[in-house]
Amino acid sequence: MAGRLEGKRTVITGAGMGMGRAAAIRFAEEGARVGLIDVNEEAANETASMVAGGGGEALVLPADVTKEEQIAGAVEQAAVEWGGLDVVVANAGIELAGEDDRADRLELSVWQRTIDVNLTGIFLTCKHGIRALLASGGGAVVCTASPTGLYGCAPGFDAYSTSKAGVYGLIRVMAADYAKEGIRVNGVIPGYTKTPMTKWVTPEEEQALISTIPLGRPGQPEEVAAVMAFLASDDAPYVTGAVWGTVAQIALHVGPRIVVPERWTWKDLTICGTWTFRFYDAPRILAQIASRKLPVERIVTSRIPVREVVSRGIEALGDPDSDQVKVLVAAGAGV
Ligand SMILES: NC(=O)c1ccc[n+]([C@@H]2O[C@H](COP(=O)([O-])OP(=O)(O)OC[C@H]3O[C@@H](n4cnc5c(N)ncnc54)[C@H](O)[C@@H]3O)[C@@H](O)[C@H]2O)c1
């Protein structure tokens, strides 16, 4: 595998930690020269040491992706240093856990900050990165999106989910924009991946997430980096406009994944009234409801033995013909 990215002049945003760091290390192992763009210079320096420790070549490029002059300057510095650019990985992102919320409670400032980094930051990275690729005669772009932008699978993360939905649009239109000029544009959608970004996830929430993942474990940043490396490489010459799931959460592709956030209260549930879930999500949802002792009126279920539901202290009705689970929340009952 070594050498697949030989000589590729690459910039990676968010290279200070998580997936960006893993990508920097992987790309360097495969022969790329890597420009490490991050607002956290100290973290980018650490990544540079790791790359150098593996015999790779890294350039630390401190920049905030939301500041056009900074990201333009960082890209230009790499292109000048190496005489051009071949690959752009637009990956930096934030998730304002504890501040992001559903729309009626979401502060405009939290929405704005999330959109600024996750969508405008990707746009600005692509704008200046692609200018450098055009000047170099072509290349590849890889953007990091998220399943939250496709499936509504992170209730209470409305700003984050929307920012990632925007990234999908940008990937696809840019793939069309630049195809004739030899620039491929693709994306990755990591599932739940163990990085500093997801440190806030509690052990209980992690178990709930894992129960939706057929491979039965979280993803690792190195596994996302491997897909990024493929998309950036000449092994993918006929791949553009694709968004590759590195999620191992196959269920996401056939229906919504619902996580009941810890901070949801009974009030939230009454507003929801009736929820309908695909059967594969039911055991987890039931476990969450039961563990919080929320007053659910009754559950119409299928593919889950009724006795299992009853054993959780919830009234249930079997419905063998349905592939869905309905949770009917009792109106008026309070906690
Ligand atoms: N971890 C997951 O489960 C997960 C799932 C789906 C998508 N993602 C996405 O993957 C990407 C990488 O996430 P991660 O988990 O590695 O995150 P992380 O928090 O571990 O690392 C993000 C990096 O981006 C940098 N950064 C943040 N704001 C910046 C800015 N304004 N300018 C420049 N750099 C900035 C940070 O300093 C940090 O080094 C993000 O776009 C994230 O939304 C993550």
# chains A, B, ... in the order shown; residues from 1 in each chain; ligands from 1
call {"tool": "closest_atom_pairs", "arguments": {"of": "stretch 106-146 of chain A", "to": "stretch 81-99 of chain A", "cutoff": "7 Å", "atoms": "only C-alpha atoms", "output": "JSON lines"}}
result
{"residue": "A:Val110", "atom": "CA", "partner": "A:Glu99", "partner_atom": "CA", "distance": 6.7}
{"residue": "A:Thr114", "atom": "CA", "partner": "A:Ile94", "partner_atom": "CA", "distance": 6.6}
{"residue": "A:Val117", "atom": "CA", "partner": "A:Gly93", "partner_atom": "CA", "distance": 6.0}
{"residue": "A:Asn118", "atom": "CA", "partner": "A:Gly93", "partner_atom": "CA", "distance": 4.9}
{"residue": "A:Ile122", "atom": "CA", "partner": "A:Ala90", "partner_atom": "CA", "distance": 5.6}
{"residue": "A:Thr125", "atom": "CA", "partner": "A:Ala90", "partner_atom": "CA", "distance": 6.1}
{"residue": "A:Cys126", "atom": "CA", "partner": "A:Ala90", "partner_atom": "CA", "distance": 6.9}
{"residue": "A:Gly129", "atom": "CA", "partner": "A:Val88", "partner_atom": "CA", "distance": 6.0}
{"residue": "A:Ala132", "atom": "CA", "partner": "A:Leu85", "partner_atom": "CA", "distance": 5.9}
{"residue": "A:Leu133", "atom": "CA", "partner": "A:Leu85", "partner_atom": "CA", "distance": 5.5}
{"residue": "A:Ser136", "atom": "CA", "partner": "A:Gly84", "partner_atom": "CA", "distance": 5.5}
{"residue": "A:Gly138", "atom": "CA", "partner": "A:Asp86", "partner_atom": "CA", "distance": 6.9}
{"residue": "A:Gly139", "atom": "CA", "partner": "A:Asp86", "partner_atom": "CA", "distance": 4.7}
{"residue": "A:Ala140", "atom": "CA", "partner": "A:Val87", "partner_atom": "CA", "distance": 4.9}
{"residue": "A:Val141", "atom": "CA", "partner": "A:Val88", "partner_atom": "CA", "distance": 4.8}
{"residue": "A:Val142", "atom": "CA", "partner": "A:Val89", "partner_atom": "CA", "distance": 4.8}
{"residue": "A:Cys143", "atom": "CA", "partner": "A:Ala90", "partner_atom": "CA", "distance": 4.7}
{"residue": "A:Thr144", "atom": "CA", "partner": "A:Asn91", "partner_atom": "CA", "distance": 4.9}
call {"tool": "write_last_selection", "arguments": {"atoms": "C-alpha atoms", "output": "mmCIF file, in the first residue's frame"}}
result
data_model
loop_
_atom_site.group_PDB
_atom_site.id
_atom_site.type_symbol
_atom_site.label_atom_id
_atom_site.label_comp_id
_atom_site.auth_asym_id
_atom_site.auth_seq_id
_atom_site.Cartn_x
_atom_site.Cartn_y
_atom_site.Cartn_z
ATOM 1 C CA VAL A 110 -24.906 28.426 18.343
ATOM 2 C CA THR A 114 -21.846 25.693 13.779
ATOM 3 C CA VAL A 117 -17.201 26.226 10.888
ATOM 4 C CA ASN A 118 -18.907 23.150 9.441
ATOM 5 C CA ILE A 122 -15.673 23.639 4.189
ATOM 6 C CA THR A 125 -11.330 25.475 2.212
ATOM 7 C CA CYS A 126 -12.692 24.182 -1.092
ATOM 8 C CA GLY A 129 -8.019 24.634 -2.279
ATOM 9 C CA ALA A 132 -4.735 25.753 -6.195
ATOM 10 C CA LEU A 133 -5.803 22.421 -7.759
ATOM 11 C CA SER A 136 -1.898 22.554 -10.752
ATOM 12 C CA GLY A 138 -6.398 18.880 -11.427
ATOM 13 C CA GLY A 139 -6.619 16.834 -8.275
ATOM 14 C CA ALA A 140 -8.953 15.450 -5.626
ATOM 15 C CA VAL A 141 -11.104 16.903 -2.860
ATOM 16 C CA VAL A 142 -12.448 14.931 0.085
ATOM 17 C CA CYS A 143 -14.968 16.561 2.434
ATOM 18 C CA THR A 144 -16.170 15.214 5.758
#
call {"tool": "select_by_dssp", "arguments": {"residues": "stretch 33-111 of chain A", "states": "strand (DSSP E or B)", "output": "PyMOL selection string"}}
result
chain A and resi 33-38+57-62+87-90
call {"tool": "select_by_dssp", "arguments": {"residues": "stretch 119-158 of chain A", "states": "helix (DSSP H, G or I)", "output": "ChimeraX atom specification"}}
result
/A:119-136,148-151,158
call {"tool": "residues_around", "arguments": {"residues": "stretch 53-62 of chain A", "least_positions_apart": "2", "cutoff": "9 Å", "atoms": "only C-alpha atoms", "output": "JSON, numbers by chain"}}
result
{"A": [11, 24, 25, 27, 28, 29, 31, 32, 33, 34, 35, 36, 37, 38, 39, 40, 41, 44, 45, 47, 48, 49, 50, 51, 64, 70, 71, 73, 74, 75, 77, 78]}
call {"tool": "write_last_selection", "arguments": {"atoms": "N, CA and C atoms", "output": "short mmCIF file (atom, residue, chain, number, x, y, z; two decimals), in the first residue's frame"}}
result
data_model
loop_
_atom_site.label_atom_id
_atom_site.label_comp_id
_atom_site.auth_asym_id
_atom_site.auth_seq_id
_atom_site.Cartn_x
_atom_site.Cartn_y
_atom_site.Cartn_z
N VAL A 11 -3.36 19.27 1.52
CA VAL A 11 -3.68 20.01 2.75
C VAL A 11 -4.88 19.34 3.41
N ALA A 24 -3.70 12.66 8.28
CA ALA A 24 -2.34 13.17 8.03
C ALA A 24 -1.33 12.04 8.14
N ILE A 25 -1.48 11.22 9.17
CA ILE A 25 -0.53 10.11 9.38
C ILE A 25 -0.65 9.09 8.25
N PHE A 27 -1.93 9.50 5.17
CA PHE A 27 -1.51 10.06 3.88
C PHE A 27 0.02 10.08 3.80
N ALA A 28 0.66 10.50 4.90
CA ALA A 28 2.13 10.56 4.91
C ALA A 28 2.72 9.16 4.75
N GLU A 29 2.09 8.18 5.42
CA GLU A 29 2.58 6.79 5.29
C GLU A 29 2.51 6.32 3.84
N GLY A 31 2.93 8.24 1.31
CA GLY A 31 3.85 8.99 0.45
C GLY A 31 3.49 10.45 0.21
N ALA A 32 2.36 10.93 0.79
CA ALA A 32 1.97 12.33 0.54
C ALA A 32 2.78 13.29 1.41
N ARG A 33 2.87 14.51 0.94
CA ARG A 33 3.36 15.61 1.78
C ARG A 33 2.12 16.28 2.34
N VAL A 34 2.09 16.50 3.65
CA VAL A 34 0.83 16.94 4.25
C VAL A 34 0.93 18.31 4.91
N GLY A 35 0.03 19.19 4.51
CA GLY A 35 -0.10 20.51 5.13
C GLY A 35 -1.18 20.42 6.20
N LEU A 36 -0.80 20.70 7.44
CA LEU A 36 -1.69 20.48 8.58
C LEU A 36 -2.36 21.79 8.98
N ILE A 37 -3.58 21.98 8.53
CA ILE A 37 -4.31 23.22 8.82
C ILE A 37 -5.18 23.00 10.05
N ASP A 38 -4.98 23.84 11.06
CA ASP A 38 -5.82 23.73 12.26
C ASP A 38 -5.77 25.04 13.01
N VAL A 39 -6.87 25.37 13.67
CA VAL A 39 -6.92 26.58 14.49
C VAL A 39 -6.11 26.36 15.77
N ASN A 40 -5.91 25.11 16.14
CA ASN A 40 -5.14 24.74 17.33
C ASN A 40 -3.71 24.39 16.90
N GLU A 41 -2.85 25.39 16.99
CA GLU A 41 -1.49 25.23 16.47
C GLU A 41 -0.71 24.17 17.24
N ALA A 44 -1.68 20.83 16.03
CA ALA A 44 -1.12 20.59 14.69
C ALA A 44 0.37 20.26 14.79
N ASN A 45 1.06 20.92 15.73
CA ASN A 45 2.48 20.62 15.93
C ASN A 45 2.68 19.18 16.39
N THR A 47 0.71 16.67 15.71
CA THR A 47 0.50 15.80 14.54
C THR A 47 1.75 15.81 13.66
N ALA A 48 2.34 17.00 13.50
CA ALA A 48 3.55 17.10 12.66
C ALA A 48 4.66 16.21 13.21
N SER A 49 4.79 16.18 14.56
CA SER A 49 5.84 15.33 15.16
C SER A 49 5.56 13.86 14.87
N MET A 50 4.27 13.50 14.92
CA MET A 50 3.92 12.09 14.65
C MET A 50 4.25 11.73 13.20
N VAL A 51 3.90 12.66 12.30
CA VAL A 51 4.18 12.41 10.88
C VAL A 51 5.69 12.28 10.67
N ASP A 64 -7.77 29.46 10.94
CA ASP A 64 -9.17 29.23 11.28
C ASP A 64 -9.93 29.15 9.95
N GLN A 70 -7.23 33.72 6.35
CA GLN A 70 -6.35 32.73 6.99
C GLN A 70 -6.29 31.42 6.20
N ILE A 71 -7.45 30.94 5.77
CA ILE A 71 -7.45 29.66 5.04
C ILE A 71 -6.82 29.85 3.66
N GLY A 73 -4.47 31.96 2.96
CA GLY A 73 -3.02 32.07 3.20
C GLY A 73 -2.39 30.71 3.46
N ALA A 74 -3.09 29.88 4.23
CA ALA A 74 -2.54 28.55 4.55
C ALA A 74 -2.41 27.70 3.29
N VAL A 75 -3.44 27.71 2.45
CA VAL A 75 -3.41 26.93 1.21
C VAL A 75 -2.29 27.45 0.31
N GLN A 77 0.41 29.02 1.17
CA GLN A 77 1.73 28.68 1.71
C GLN A 77 2.15 27.25 1.30
N ALA A 78 1.19 26.32 1.38
CA ALA A 78 1.51 24.94 0.99
C ALA A 78 1.83 24.87 -0.50
#
call {"tool": "atom_distance", "arguments": {"atom1": "atom CA of A:Gly149", "atom2": "atom CA of A:Ser161"}}
result
4.5 Å
call {"tool": "atom_distance", "arguments": {"atom1": "atom CA of A:Glu222", "atom2": "atom CA of A:Met19"}}
result
6.9 Å
call {"tool": "closest_residue", "arguments": {"among": "A:Lys127, A:Ala23, A:Thr10, A:Leu231", "to": "A:Glu68", "atoms": "only C-alpha atoms"}}
result
A:Lys127
call {"tool": "residues_around", "arguments": {"residues": "A:Pro237", "least_positions_apart": "4", "cutoff": "12 Å", "atoms": "only C-alpha atoms", "output": "number ranges by chain"}}
result
A: 138-140, 179, 182-186, 230-233, 241
call {"tool": "decode", "arguments": {"residues": "stretch 106-128 of chain A", "atoms": "N, CA and C atoms", "output": "PDB file, in the first residue's frame"}}
result
ATOM      1  N   LEU A 106     -32.976  26.587  20.101  1.00  0.00           N
ATOM      2  CA  LEU A 106     -31.613  26.772  19.602  1.00  0.00           C
ATOM      3  C   LEU A 106     -31.240  28.259  19.516  1.00  0.00           C
ATOM      4  N   GLU A 107     -30.158  28.609  20.198  1.00  0.00           N
ATOM      5  CA  GLU A 107     -29.675  29.998  20.150  1.00  0.00           C
ATOM      6  C   GLU A 107     -29.117  30.284  18.763  1.00  0.00           C
ATOM      7  N   LEU A 108     -29.428  31.450  18.243  1.00  0.00           N
ATOM      8  CA  LEU A 108     -28.928  31.833  16.920  1.00  0.00           C
ATOM      9  C   LEU A 108     -27.401  31.789  16.885  1.00  0.00           C
ATOM     10  N   SER A 109     -26.772  32.193  17.988  1.00  0.00           N
ATOM     11  CA  SER A 109     -25.299  32.227  18.000  1.00  0.00           C
ATOM     12  C   SER A 109     -24.711  30.820  17.856  1.00  0.00           C
ATOM     13  N   VAL A 110     -25.393  29.815  18.430  1.00  0.00           N
ATOM     14  CA  VAL A 110     -24.906  28.426  18.343  1.00  0.00           C
ATOM     15  C   VAL A 110     -25.097  27.910  16.913  1.00  0.00           C
ATOM     16  N   TRP A 111     -26.274  28.207  16.363  1.00  0.00           N
ATOM     17  CA  TRP A 111     -26.548  27.870  14.952  1.00  0.00           C
ATOM     18  C   TRP A 111     -25.468  28.475  14.055  1.00  0.00           C
ATOM     19  N   GLN A 112     -25.223  29.790  14.263  1.00  0.00           N
ATOM     20  CA  GLN A 112     -24.306  30.526  13.387  1.00  0.00           C
ATOM     21  C   GLN A 112     -22.885  29.995  13.466  1.00  0.00           C
ATOM     22  N   ARG A 113     -22.438  29.734  14.697  1.00  0.00           N
ATOM     23  CA  ARG A 113     -21.067  29.242  14.888  1.00  0.00           C
ATOM     24  C   ARG A 113     -20.901  27.867  14.212  1.00  0.00           C
ATOM     25  N   THR A 114     -21.920  27.038  14.365  1.00  0.00           N
ATOM     26  CA  THR A 114     -21.846  25.693  13.779  1.00  0.00           C
ATOM     27  C   THR A 114     -21.814  25.772  12.255  1.00  0.00           C
ATOM     28  N   ILE A 115     -22.703  26.596  11.692  1.00  0.00           N
ATOM     29  CA  ILE A 115     -22.733  26.738  10.232  1.00  0.00           C
ATOM     30  C   ILE A 115     -21.423  27.358   9.744  1.00  0.00           C
ATOM     31  N   ASP A 116     -20.918  28.332  10.497  1.00  0.00           N
ATOM     32  CA  ASP A 116     -19.670  29.005  10.097  1.00  0.00           C
ATOM     33  C   ASP A 116     -18.525  28.006   9.937  1.00  0.00           C
ATOM     34  N   VAL A 117     -18.345  27.150  10.942  1.00  0.00           N
ATOM     35  CA  VAL A 117     -17.201  26.226  10.888  1.00  0.00           C
ATOM     36  C   VAL A 117     -17.499  25.060   9.940  1.00  0.00           C
ATOM     37  N   ASN A 118     -18.660  24.428  10.123  1.00  0.00           N
ATOM     38  CA  ASN A 118     -18.907  23.150   9.441  1.00  0.00           C
ATOM     39  C   ASN A 118     -19.298  23.291   7.973  1.00  0.00           C
ATOM     40  N   LEU A 119     -19.895  24.419   7.620  1.00  0.00           N
ATOM     41  CA  LEU A 119     -20.314  24.571   6.226  1.00  0.00           C
ATOM     42  C   LEU A 119     -19.509  25.672   5.525  1.00  0.00           C
ATOM     43  N   THR A 120     -19.515  26.870   6.106  1.00  0.00           N
ATOM     44  CA  THR A 120     -18.736  27.950   5.476  1.00  0.00           C
ATOM     45  C   THR A 120     -17.246  27.591   5.478  1.00  0.00           C
ATOM     46  N   GLY A 121     -16.786  26.958   6.551  1.00  0.00           N
ATOM     47  CA  GLY A 121     -15.369  26.564   6.622  1.00  0.00           C
ATOM     48  C   GLY A 121     -15.014  25.568   5.528  1.00  0.00           C
ATOM     49  N   ILE A 122     -15.921  24.617   5.271  1.00  0.00           N
ATOM     50  CA  ILE A 122     -15.673  23.639   4.189  1.00  0.00           C
ATOM     51  C   ILE A 122     -15.684  24.372   2.844  1.00  0.00           C
ATOM     52  N   PHE A 123     -16.648  25.285   2.682  1.00  0.00           N
ATOM     53  CA  PHE A 123     -16.714  26.059   1.431  1.00  0.00           C
ATOM     54  C   PHE A 123     -15.413  26.847   1.215  1.00  0.00           C
ATOM     55  N   LEU A 124     -14.967  27.566   2.239  1.00  0.00           N
ATOM     56  CA  LEU A 124     -13.766  28.401   2.057  1.00  0.00           C
ATOM     57  C   LEU A 124     -12.530  27.535   1.790  1.00  0.00           C
ATOM     58  N   THR A 125     -12.465  26.384   2.450  1.00  0.00           N
ATOM     59  CA  THR A 125     -11.330  25.475   2.212  1.00  0.00           C
ATOM     60  C   THR A 125     -11.362  25.005   0.762  1.00  0.00           C
ATOM     61  N   CYS A 126     -12.567  24.654   0.291  1.00  0.00           N
ATOM     62  CA  CYS A 126     -12.692  24.182  -1.092  1.00  0.00           C
ATOM     63  C   CYS A 126     -12.427  25.328  -2.069  1.00  0.00           C
ATOM     64  N   LYS A 127     -12.963  26.498  -1.775  1.00  0.00           N
ATOM     65  CA  LYS A 127     -12.771  27.635  -2.678  1.00  0.00           C
ATOM     66  C   LYS A 127     -11.279  27.849  -2.956  1.00  0.00           C
ATOM     67  N   HIS A 128     -10.502  27.961  -1.901  1.00  0.00           N
ATOM     68  CA  HIS A 128      -9.082  28.265  -2.101  1.00  0.00           C
ATOM     69  C   HIS A 128      -8.284  27.023  -2.464  1.00  0.00           C
TER      70      HIS A 128
END
